[in-house]
Every structure is written in C-alpha cells, then in structure tokens.
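Dumped run-v6.txt below, it's compact mmCIF, N, CA and C atoms:
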```txt
# COMPACT_ATOMS: atom_id res chain seq x y z
N MET A 149 -11.61 -9.88 3.46
CA MET A 149 -10.72 -10.03 4.60
C MET A 149 -11.25 -9.23 5.77
N SER A 150 -12.55 -9.33 5.99
CA SER A 150 -13.20 -8.65 7.09
C SER A 150 -12.79 -9.27 8.42
N ASP A 151 -13.28 -8.71 9.51
CA ASP A 151 -13.02 -9.31 10.82
C ASP A 151 -13.51 -10.75 10.84
N THR A 152 -14.71 -10.98 10.30
CA THR A 152 -15.24 -12.34 10.26
C THR A 152 -14.39 -13.23 9.38
N GLY A 153 -14.00 -12.74 8.20
CA GLY A 153 -13.16 -13.52 7.30
C GLY A 153 -11.84 -13.90 7.93
N SER A 154 -11.27 -13.00 8.71
CA SER A 154 -9.97 -13.30 9.34
C SER A 154 -10.09 -14.37 10.40
N LEU A 155 -11.29 -14.61 10.92
CA LEU A 155 -11.47 -15.64 11.95
C LEU A 155 -11.40 -17.05 11.40
N VAL A 156 -11.49 -17.22 10.10
CA VAL A 156 -11.34 -18.56 9.53
C VAL A 156 -9.88 -18.93 9.38
N LEU A 157 -8.99 -18.02 9.72
CA LEU A 157 -7.55 -18.27 9.67
C LEU A 157 -7.06 -18.64 11.06
N PRO A 158 -5.97 -19.35 11.27
CA PRO A 158 -5.17 -19.94 10.20
C PRO A 158 -5.83 -21.21 9.65
N TRP A 159 -5.64 -21.42 8.39
CA TRP A 159 -6.18 -22.61 7.75
C TRP A 159 -5.44 -23.84 8.25
N PRO A 160 -6.15 -24.92 8.50
CA PRO A 160 -5.49 -26.13 9.00
C PRO A 160 -4.84 -26.95 7.89
N TYR A 161 -4.88 -26.43 6.68
CA TYR A 161 -4.34 -27.16 5.55
C TYR A 161 -3.21 -26.37 4.92
N ASP A 162 -2.37 -27.05 4.19
CA ASP A 162 -1.29 -26.38 3.47
C ASP A 162 -1.86 -25.84 2.17
N MET A 163 -2.34 -24.60 2.20
CA MET A 163 -2.95 -24.01 1.01
C MET A 163 -2.60 -22.53 0.94
N LYS A 164 -2.64 -22.04 -0.27
CA LYS A 164 -2.45 -20.61 -0.49
C LYS A 164 -3.81 -19.95 -0.31
N VAL A 165 -3.88 -18.92 0.52
CA VAL A 165 -5.14 -18.23 0.78
C VAL A 165 -5.11 -16.88 0.08
N LEU A 166 -6.13 -16.65 -0.76
CA LEU A 166 -6.31 -15.38 -1.45
C LEU A 166 -7.48 -14.65 -0.81
N ALA A 167 -7.45 -13.33 -0.84
CA ALA A 167 -8.56 -12.56 -0.28
C ALA A 167 -8.72 -11.26 -1.05
N PHE A 168 -9.96 -10.79 -1.06
CA PHE A 168 -10.29 -9.51 -1.67
C PHE A 168 -11.07 -8.69 -0.65
N ASP A 169 -10.60 -7.48 -0.41
CA ASP A 169 -11.34 -6.51 0.40
C ASP A 169 -10.75 -5.14 0.08
N PRO A 170 -11.52 -4.30 -0.59
CA PRO A 170 -11.00 -2.99 -1.00
C PRO A 170 -10.82 -2.01 0.16
N TYR A 171 -11.29 -2.36 1.34
CA TYR A 171 -11.26 -1.43 2.47
C TYR A 171 -10.21 -1.76 3.52
N ILE A 172 -9.52 -2.88 3.37
CA ILE A 172 -8.54 -3.31 4.35
C ILE A 172 -7.14 -2.97 3.87
N ASP A 173 -6.31 -2.48 4.80
CA ASP A 173 -4.93 -2.13 4.48
C ASP A 173 -4.11 -3.38 4.14
N ASP A 174 -3.11 -3.21 3.29
CA ASP A 174 -2.24 -4.32 2.90
C ASP A 174 -1.60 -4.99 4.10
N GLU A 175 -1.32 -4.23 5.15
CA GLU A 175 -0.67 -4.77 6.35
C GLU A 175 -1.49 -5.89 6.98
N VAL A 176 -2.81 -5.77 6.92
CA VAL A 176 -3.68 -6.80 7.50
C VAL A 176 -3.53 -8.11 6.72
N PHE A 177 -3.47 -8.02 5.41
CA PHE A 177 -3.27 -9.22 4.58
C PHE A 177 -1.93 -9.87 4.91
N GLU A 178 -0.90 -9.04 5.01
CA GLU A 178 0.44 -9.56 5.32
C GLU A 178 0.48 -10.21 6.69
N ARG A 179 -0.17 -9.60 7.67
CA ARG A 179 -0.17 -10.14 9.04
C ARG A 179 -0.82 -11.53 9.09
N HIS A 180 -1.80 -11.76 8.26
CA HIS A 180 -2.48 -13.05 8.23
C HIS A 180 -1.92 -14.00 7.18
N HIS A 181 -0.83 -13.60 6.52
CA HIS A 181 -0.19 -14.41 5.48
C HIS A 181 -1.17 -14.77 4.37
N VAL A 182 -1.91 -13.76 3.93
CA VAL A 182 -2.93 -13.90 2.90
C VAL A 182 -2.52 -13.03 1.72
N GLN A 183 -2.67 -13.56 0.52
CA GLN A 183 -2.34 -12.81 -0.68
C GLN A 183 -3.53 -11.96 -1.09
N LYS A 184 -3.36 -10.65 -1.14
CA LYS A 184 -4.41 -9.73 -1.56
C LYS A 184 -4.48 -9.75 -3.09
N VAL A 185 -5.70 -9.99 -3.62
CA VAL A 185 -5.90 -10.02 -5.06
C VAL A 185 -7.15 -9.22 -5.40
N ASP A 186 -7.33 -8.93 -6.69
CA ASP A 186 -8.57 -8.26 -7.10
C ASP A 186 -9.70 -9.27 -7.18
N TRP A 187 -10.93 -8.78 -7.26
CA TRP A 187 -12.13 -9.62 -7.22
C TRP A 187 -12.13 -10.66 -8.33
N GLU A 188 -11.81 -10.25 -9.56
CA GLU A 188 -11.83 -11.19 -10.69
C GLU A 188 -10.78 -12.29 -10.53
N THR A 189 -9.61 -11.95 -10.02
CA THR A 189 -8.56 -12.95 -9.80
C THR A 189 -9.01 -13.97 -8.75
N LEU A 190 -9.61 -13.49 -7.67
CA LEU A 190 -10.09 -14.39 -6.64
C LEU A 190 -11.13 -15.35 -7.21
N LEU A 191 -12.08 -14.82 -7.98
CA LEU A 191 -13.13 -15.67 -8.56
C LEU A 191 -12.57 -16.67 -9.57
N GLY A 192 -11.63 -16.23 -10.39
CA GLY A 192 -11.14 -17.05 -11.49
C GLY A 192 -10.08 -18.07 -11.13
N THR A 193 -9.47 -17.95 -9.96
CA THR A 193 -8.35 -18.85 -9.63
C THR A 193 -8.59 -19.72 -8.40
N SER A 194 -9.66 -19.49 -7.68
CA SER A 194 -9.88 -20.20 -6.42
C SER A 194 -10.60 -21.53 -6.62
N ASP A 195 -10.16 -22.54 -5.87
CA ASP A 195 -10.84 -23.83 -5.85
C ASP A 195 -12.01 -23.81 -4.87
N ILE A 196 -11.82 -23.08 -3.77
CA ILE A 196 -12.86 -22.93 -2.75
C ILE A 196 -13.02 -21.45 -2.48
N ILE A 197 -14.25 -20.98 -2.49
CA ILE A 197 -14.52 -19.57 -2.22
C ILE A 197 -15.46 -19.50 -1.03
N SER A 198 -15.04 -18.80 0.02
CA SER A 198 -15.85 -18.59 1.20
C SER A 198 -16.18 -17.11 1.27
N VAL A 199 -17.47 -16.79 1.33
CA VAL A 199 -17.93 -15.41 1.25
C VAL A 199 -18.29 -14.90 2.64
N HIS A 200 -17.71 -13.74 3.02
CA HIS A 200 -17.97 -13.11 4.31
C HIS A 200 -18.25 -11.64 4.05
N VAL A 201 -19.40 -11.34 3.48
CA VAL A 201 -19.70 -9.96 3.09
C VAL A 201 -21.12 -9.58 3.50
N PRO A 202 -21.39 -8.29 3.62
CA PRO A 202 -22.72 -7.85 4.03
C PRO A 202 -23.63 -7.44 2.88
N LEU A 203 -23.31 -7.79 1.64
CA LEU A 203 -24.14 -7.38 0.52
C LEU A 203 -24.09 -8.38 -0.61
N LYS A 204 -25.05 -8.27 -1.54
CA LYS A 204 -25.12 -9.20 -2.68
C LYS A 204 -23.89 -9.02 -3.57
N MET A 205 -23.18 -10.11 -3.80
CA MET A 205 -21.96 -10.03 -4.61
C MET A 205 -21.85 -11.12 -5.67
N ILE A 206 -22.58 -12.20 -5.59
CA ILE A 206 -22.39 -13.32 -6.49
C ILE A 206 -23.64 -13.48 -7.36
N ASP A 207 -23.49 -13.23 -8.66
CA ASP A 207 -24.58 -13.38 -9.61
C ASP A 207 -24.03 -14.05 -10.86
N VAL A 208 -24.69 -13.92 -11.98
CA VAL A 208 -24.30 -14.60 -13.22
C VAL A 208 -22.85 -14.29 -13.60
N ALA A 209 -22.48 -13.03 -13.65
CA ALA A 209 -21.13 -12.64 -14.10
C ALA A 209 -20.04 -13.25 -13.23
N GLU A 210 -20.24 -13.23 -11.91
CA GLU A 210 -19.24 -13.76 -10.99
C GLU A 210 -19.14 -15.28 -11.11
N LEU A 211 -20.26 -15.96 -11.23
CA LEU A 211 -20.23 -17.42 -11.38
C LEU A 211 -19.58 -17.83 -12.70
N GLU A 212 -19.74 -17.04 -13.74
CA GLU A 212 -19.09 -17.36 -15.02
C GLU A 212 -17.58 -17.28 -14.92
N ILE A 213 -17.05 -16.40 -14.09
CA ILE A 213 -15.60 -16.24 -13.93
C ILE A 213 -14.99 -17.41 -13.15
N MET A 214 -15.75 -17.98 -12.24
CA MET A 214 -15.22 -19.02 -11.34
C MET A 214 -14.77 -20.26 -12.10
N LYS A 215 -13.80 -20.95 -11.50
CA LYS A 215 -13.29 -22.19 -12.06
C LYS A 215 -14.39 -23.24 -12.14
N PHE A 216 -14.25 -24.14 -13.09
CA PHE A 216 -15.17 -25.27 -13.20
C PHE A 216 -14.97 -26.15 -11.97
N ARG A 217 -16.06 -26.58 -11.35
CA ARG A 217 -16.09 -27.44 -10.17
C ARG A 217 -15.65 -26.71 -8.90
N VAL A 218 -15.89 -25.40 -8.84
CA VAL A 218 -15.58 -24.61 -7.65
C VAL A 218 -16.47 -25.06 -6.49
N ILE A 219 -15.99 -24.88 -5.28
CA ILE A 219 -16.78 -25.07 -4.07
C ILE A 219 -17.09 -23.67 -3.54
N LEU A 220 -18.36 -23.37 -3.34
CA LEU A 220 -18.78 -22.02 -2.96
C LEU A 220 -19.49 -22.06 -1.62
N LEU A 221 -18.97 -21.31 -0.66
CA LEU A 221 -19.50 -21.26 0.70
C LEU A 221 -20.03 -19.86 0.99
N ASN A 222 -21.24 -19.77 1.49
CA ASN A 222 -21.79 -18.49 1.94
C ASN A 222 -22.02 -18.58 3.43
N THR A 223 -21.16 -17.92 4.20
CA THR A 223 -21.29 -17.90 5.65
C THR A 223 -21.67 -16.51 6.15
N ALA A 224 -22.15 -15.67 5.25
CA ALA A 224 -22.45 -14.30 5.61
C ALA A 224 -23.94 -14.11 5.88
N GLN A 225 -24.71 -13.90 4.83
CA GLN A 225 -26.15 -13.72 4.97
C GLN A 225 -26.85 -14.12 3.69
N GLY A 226 -28.15 -14.34 3.78
CA GLY A 226 -28.93 -14.69 2.60
C GLY A 226 -28.98 -13.56 1.61
N GLY A 227 -29.09 -13.92 0.34
CA GLY A 227 -29.17 -12.91 -0.70
C GLY A 227 -27.84 -12.50 -1.28
N ILE A 228 -26.74 -13.02 -0.75
CA ILE A 228 -25.43 -12.68 -1.29
C ILE A 228 -25.21 -13.38 -2.62
N ILE A 229 -25.71 -14.59 -2.72
CA ILE A 229 -25.58 -15.38 -3.94
C ILE A 229 -26.96 -15.50 -4.57
N ASN A 230 -27.04 -15.26 -5.86
CA ASN A 230 -28.29 -15.46 -6.59
C ASN A 230 -28.56 -16.97 -6.59
N GLU A 231 -29.52 -17.40 -5.78
CA GLU A 231 -29.74 -18.82 -5.55
C GLU A 231 -30.24 -19.57 -6.78
N SER A 232 -31.03 -18.93 -7.61
CA SER A 232 -31.51 -19.63 -8.82
C SER A 232 -30.37 -19.83 -9.81
N VAL A 233 -29.47 -18.87 -9.93
CA VAL A 233 -28.31 -19.02 -10.81
C VAL A 233 -27.35 -20.05 -10.22
N LEU A 234 -27.17 -20.03 -8.90
CA LEU A 234 -26.32 -21.01 -8.24
C LEU A 234 -26.84 -22.42 -8.51
N TRP A 235 -28.15 -22.61 -8.42
CA TRP A 235 -28.73 -23.93 -8.68
C TRP A 235 -28.42 -24.39 -10.10
N LYS A 236 -28.57 -23.50 -11.08
CA LYS A 236 -28.27 -23.86 -12.48
C LYS A 236 -26.80 -24.23 -12.64
N CYS A 237 -25.92 -23.49 -11.99
CA CYS A 237 -24.48 -23.79 -12.07
C CYS A 237 -24.16 -25.09 -11.37
N PHE A 238 -24.84 -25.38 -10.29
CA PHE A 238 -24.65 -26.64 -9.59
C PHE A 238 -25.09 -27.80 -10.47
N LYS A 239 -26.26 -27.68 -11.06
CA LYS A 239 -26.78 -28.76 -11.91
C LYS A 239 -25.90 -28.99 -13.14
N SER A 240 -25.26 -27.93 -13.66
CA SER A 240 -24.41 -28.08 -14.84
C SER A 240 -23.03 -28.61 -14.50
N GLY A 241 -22.66 -28.62 -13.21
CA GLY A 241 -21.34 -29.07 -12.80
C GLY A 241 -20.35 -27.95 -12.60
N LYS A 242 -20.70 -26.74 -12.96
CA LYS A 242 -19.81 -25.59 -12.77
C LYS A 242 -19.46 -25.44 -11.29
N VAL A 243 -20.45 -25.58 -10.41
CA VAL A 243 -20.24 -25.54 -8.97
C VAL A 243 -20.29 -26.99 -8.46
N ALA A 244 -19.20 -27.43 -7.84
CA ALA A 244 -19.11 -28.81 -7.38
C ALA A 244 -19.91 -29.02 -6.10
N SER A 245 -19.85 -28.06 -5.22
CA SER A 245 -20.55 -28.17 -3.94
C SER A 245 -20.75 -26.77 -3.39
N THR A 246 -21.72 -26.66 -2.50
CA THR A 246 -22.01 -25.37 -1.90
C THR A 246 -22.38 -25.54 -0.45
N GLY A 247 -21.95 -24.62 0.36
CA GLY A 247 -22.34 -24.57 1.77
C GLY A 247 -23.08 -23.27 1.99
N ILE A 248 -24.33 -23.37 2.41
CA ILE A 248 -25.16 -22.19 2.59
C ILE A 248 -25.52 -22.08 4.07
N ASP A 249 -25.11 -21.00 4.70
CA ASP A 249 -25.39 -20.77 6.11
C ASP A 249 -26.77 -20.15 6.31
N THR A 250 -27.19 -19.33 5.38
CA THR A 250 -28.49 -18.69 5.47
C THR A 250 -28.99 -18.35 4.07
N TRP A 251 -30.27 -18.33 3.88
CA TRP A 251 -30.90 -18.18 2.57
C TRP A 251 -31.53 -16.80 2.42
N ALA A 252 -31.84 -16.42 1.19
CA ALA A 252 -32.49 -15.13 0.93
C ALA A 252 -33.84 -15.07 1.62
N VAL A 253 -34.56 -16.19 1.64
CA VAL A 253 -35.83 -16.27 2.35
C VAL A 253 -35.69 -17.37 3.39
N GLU A 254 -35.90 -17.02 4.63
CA GLU A 254 -35.79 -17.98 5.73
C GLU A 254 -37.16 -18.26 6.32
N PRO A 255 -37.49 -19.49 6.62
CA PRO A 255 -36.77 -20.69 6.23
C PRO A 255 -37.07 -21.03 4.77
N PRO A 256 -36.12 -21.68 4.11
CA PRO A 256 -36.32 -22.03 2.69
C PRO A 256 -37.20 -23.27 2.55
N LEU A 257 -38.49 -23.08 2.68
CA LEU A 257 -39.40 -24.23 2.68
C LEU A 257 -39.46 -24.95 1.35
N LYS A 258 -39.25 -24.23 0.26
CA LYS A 258 -39.31 -24.85 -1.06
C LYS A 258 -38.05 -24.44 -1.82
N SER A 259 -37.09 -25.34 -1.87
CA SER A 259 -35.82 -25.04 -2.52
C SER A 259 -35.33 -26.27 -3.27
N ASP A 260 -34.81 -26.06 -4.48
CA ASP A 260 -34.22 -27.16 -5.23
C ASP A 260 -33.06 -27.79 -4.49
N PHE A 261 -32.38 -27.02 -3.65
CA PHE A 261 -31.20 -27.52 -2.94
C PHE A 261 -31.54 -28.65 -1.97
N TRP A 262 -32.78 -28.75 -1.52
CA TRP A 262 -33.15 -29.82 -0.60
C TRP A 262 -33.10 -31.19 -1.26
N SER A 263 -33.08 -31.22 -2.59
CA SER A 263 -33.10 -32.51 -3.29
C SER A 263 -31.71 -33.09 -3.52
N ILE A 264 -30.68 -32.41 -3.07
CA ILE A 264 -29.32 -32.89 -3.33
C ILE A 264 -28.64 -33.34 -2.04
N LEU A 265 -27.62 -34.15 -2.20
CA LEU A 265 -26.91 -34.65 -1.04
C LEU A 265 -25.55 -34.00 -0.83
N VAL A 266 -24.95 -33.43 -1.88
CA VAL A 266 -23.61 -32.88 -1.72
C VAL A 266 -23.60 -31.43 -1.27
N GLY A 267 -24.75 -30.81 -1.21
CA GLY A 267 -24.84 -29.47 -0.63
C GLY A 267 -24.94 -29.61 0.88
N HIS A 268 -24.74 -28.55 1.59
CA HIS A 268 -24.83 -28.59 3.04
C HIS A 268 -25.61 -27.38 3.52
N ASP A 269 -26.55 -27.58 4.40
CA ASP A 269 -27.34 -26.50 4.98
C ASP A 269 -27.13 -26.53 6.48
N SER A 270 -26.98 -25.37 7.06
CA SER A 270 -26.86 -25.27 8.51
C SER A 270 -27.72 -24.11 8.96
N SER A 271 -28.05 -24.11 10.24
CA SER A 271 -28.75 -22.95 10.76
C SER A 271 -27.77 -21.80 10.84
N HIS A 272 -28.26 -20.59 10.64
CA HIS A 272 -27.36 -19.43 10.69
C HIS A 272 -26.94 -19.20 12.13
N LEU A 273 -25.66 -19.32 12.39
CA LEU A 273 -25.15 -19.22 13.75
C LEU A 273 -24.87 -17.78 14.14
N GLY A 274 -24.50 -16.94 13.18
CA GLY A 274 -24.18 -15.56 13.50
C GLY A 274 -22.95 -15.49 14.39
N LEU A 275 -22.17 -14.47 14.24
CA LEU A 275 -20.96 -14.34 15.03
C LEU A 275 -21.03 -13.01 15.77
N HIS A 276 -21.00 -13.07 17.04
CA HIS A 276 -21.04 -11.85 17.86
C HIS A 276 -19.84 -11.89 18.78
N TYR A 277 -19.07 -10.82 18.75
CA TYR A 277 -17.91 -10.74 19.66
C TYR A 277 -17.70 -9.33 20.08
```

Kindly return the structure encoded in the file as structure tokens.
Amino acid sequence: MSDTGSLVLPWPYDMKVLAFDPYIDDEVFERHHVQKVDWETLLGTSDIISVHVPLKMIDVAELEIMKFRVILLNTAQGGIINESVLWKCFKSGKVASTGIDTWAVEPPLKSDFWSILVGHDSSHLGLHY
C-alpha cells in the first residue's frame, strides 16, 4: 500500500481490495477502503495480485501459496519476481496471466515469455511525482 500502490485506487470494478504493507498505518488502509492483510493471506486469497515494491518478493514459496490461475502483475521493477519460476508456473497453469512492466535484465532479448500471447509486456513507464 505504498504511494504508488495507492495510485491504482479507486478500482473501477466492484471488488474487494486487499493490501499488505508492514510500514503503513492502518488509517491509510481505511482511508482508501482497503483491507489490510498479512502477506500469506494476500498471496493465498487474491485472484489478481499487483506488485508495487522496491525489492525481490516473489519466488517459489510465494508462488506456491497463490491461488490456481492467479493473475500476477509486476509494475514495480525487474527482479521482483523470479522469472524462471514464474515461467514454470505459467506453463503449468498455476499463473493464468502475467503483466510485466520491467524485467530483471533489460531489454529481455531472449525470454520464454515472448512466445506467449496471454502475457503482456510494456515499456517501463516509471512514476515520478
């Protein structure tokens, strides 16, 4: 529920929004009408996960907790998600779709993700305010 994460609100859909941030006061979650949950709850109960963090957080253990057919979005920076593990989870069906804003190595000249149609790649836009 960082400053960047809060900018994706309000959601244009009728959905329950969960968030995890150990550094943000409960009042911020309440102000944005977001339910504060622990990391494992967020991973295990979310249909769509959008990551807005400055460090590596998604690896084998986190992907195992996620729901089957989760949609995983990385709009933060490359290296947050272990891309080789993500590819295996995508191929197995564990991850239904993924949106990657930036990769661990830029530009990703040789990536398995280029062979799929349901993934989405965009240039890293960066947010400065």

Q.
Just to confirm, what's the straight-line distance from atom N of Ala209 (chain A) to atom C of Gln183 (chain A) in Å (one decimal)?
A.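 Interatomic distance here is 22.8 Å.
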
(Q) One decimal, in Å: what's the spacing between CA of Ser245 (chain A) and CA of Asp169 (chain A)? (A)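 These two atoms are separated by 23.9 Å.
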
Q: Considering only N, CA and C atoms, return as a list in words whatever protein or nucleic-acid residues lie within 8 Å of Asn222 (chain A), sequence-local ones (same chain, fewer than 6 positions apart) excluded.
A: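 Neighbouring residues, sequence-local ones excluded: Ile197, Ser198, Val199, His200, Val201, Ile228, Ile229, Thr246, Gly247, Ile248, Asp249 and Thr250 of chain A.
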
Q) Taking (-7.4, -20.7, 0.7) in the file's coordinates, which residues come within 8 Å, counting all atoms listed in the file, written as number ranges by chain? A) A: 159, 162-167, 194-198

Q: Record the distance separating CA of Gly241 (chain A) and atom C of Asp207 (chain A), expressed in Å with one decimal.
A: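 Answer for the CA of Gly241 (chain A) to atom C of Asp207 (chain A) separation: 15.4 Å.
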
**Q.** Best match for closeness to Lys215 (chain A) among A:Leu190, A:Ser232, A:Pro255, A:Gly227, counting only C-alpha atoms
**A.**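 Using only C-alpha atoms, Lys215 (chain A) sits closest to A:Leu190.
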
Q | Residue set, region 221-265 of chain A restricted to strand (DSSP E or B), as a PyMOL selection string | A | chain A and resi 221-222+229+243-248

Q.
Set the distance at 12 Å and use only C-alpha atoms: which residues neighbour Glu212 (chain A) once local chain neighbours fewer than 2 positions away are removed? I'd like the list as a PyMOL selection string.
A. chain A and resi 188+191-192+206-210+214-218+233-234+236-237+240+242-243

Q: Would you list, as a PyMOL selection string, the residues of region 153-275 of chain A that end up in helix (DSSP H, G or I) under DSSP run on this structure's backbone?
A: chain A and resi 153-154+174-179+187-193+208-213+231-240+260-263
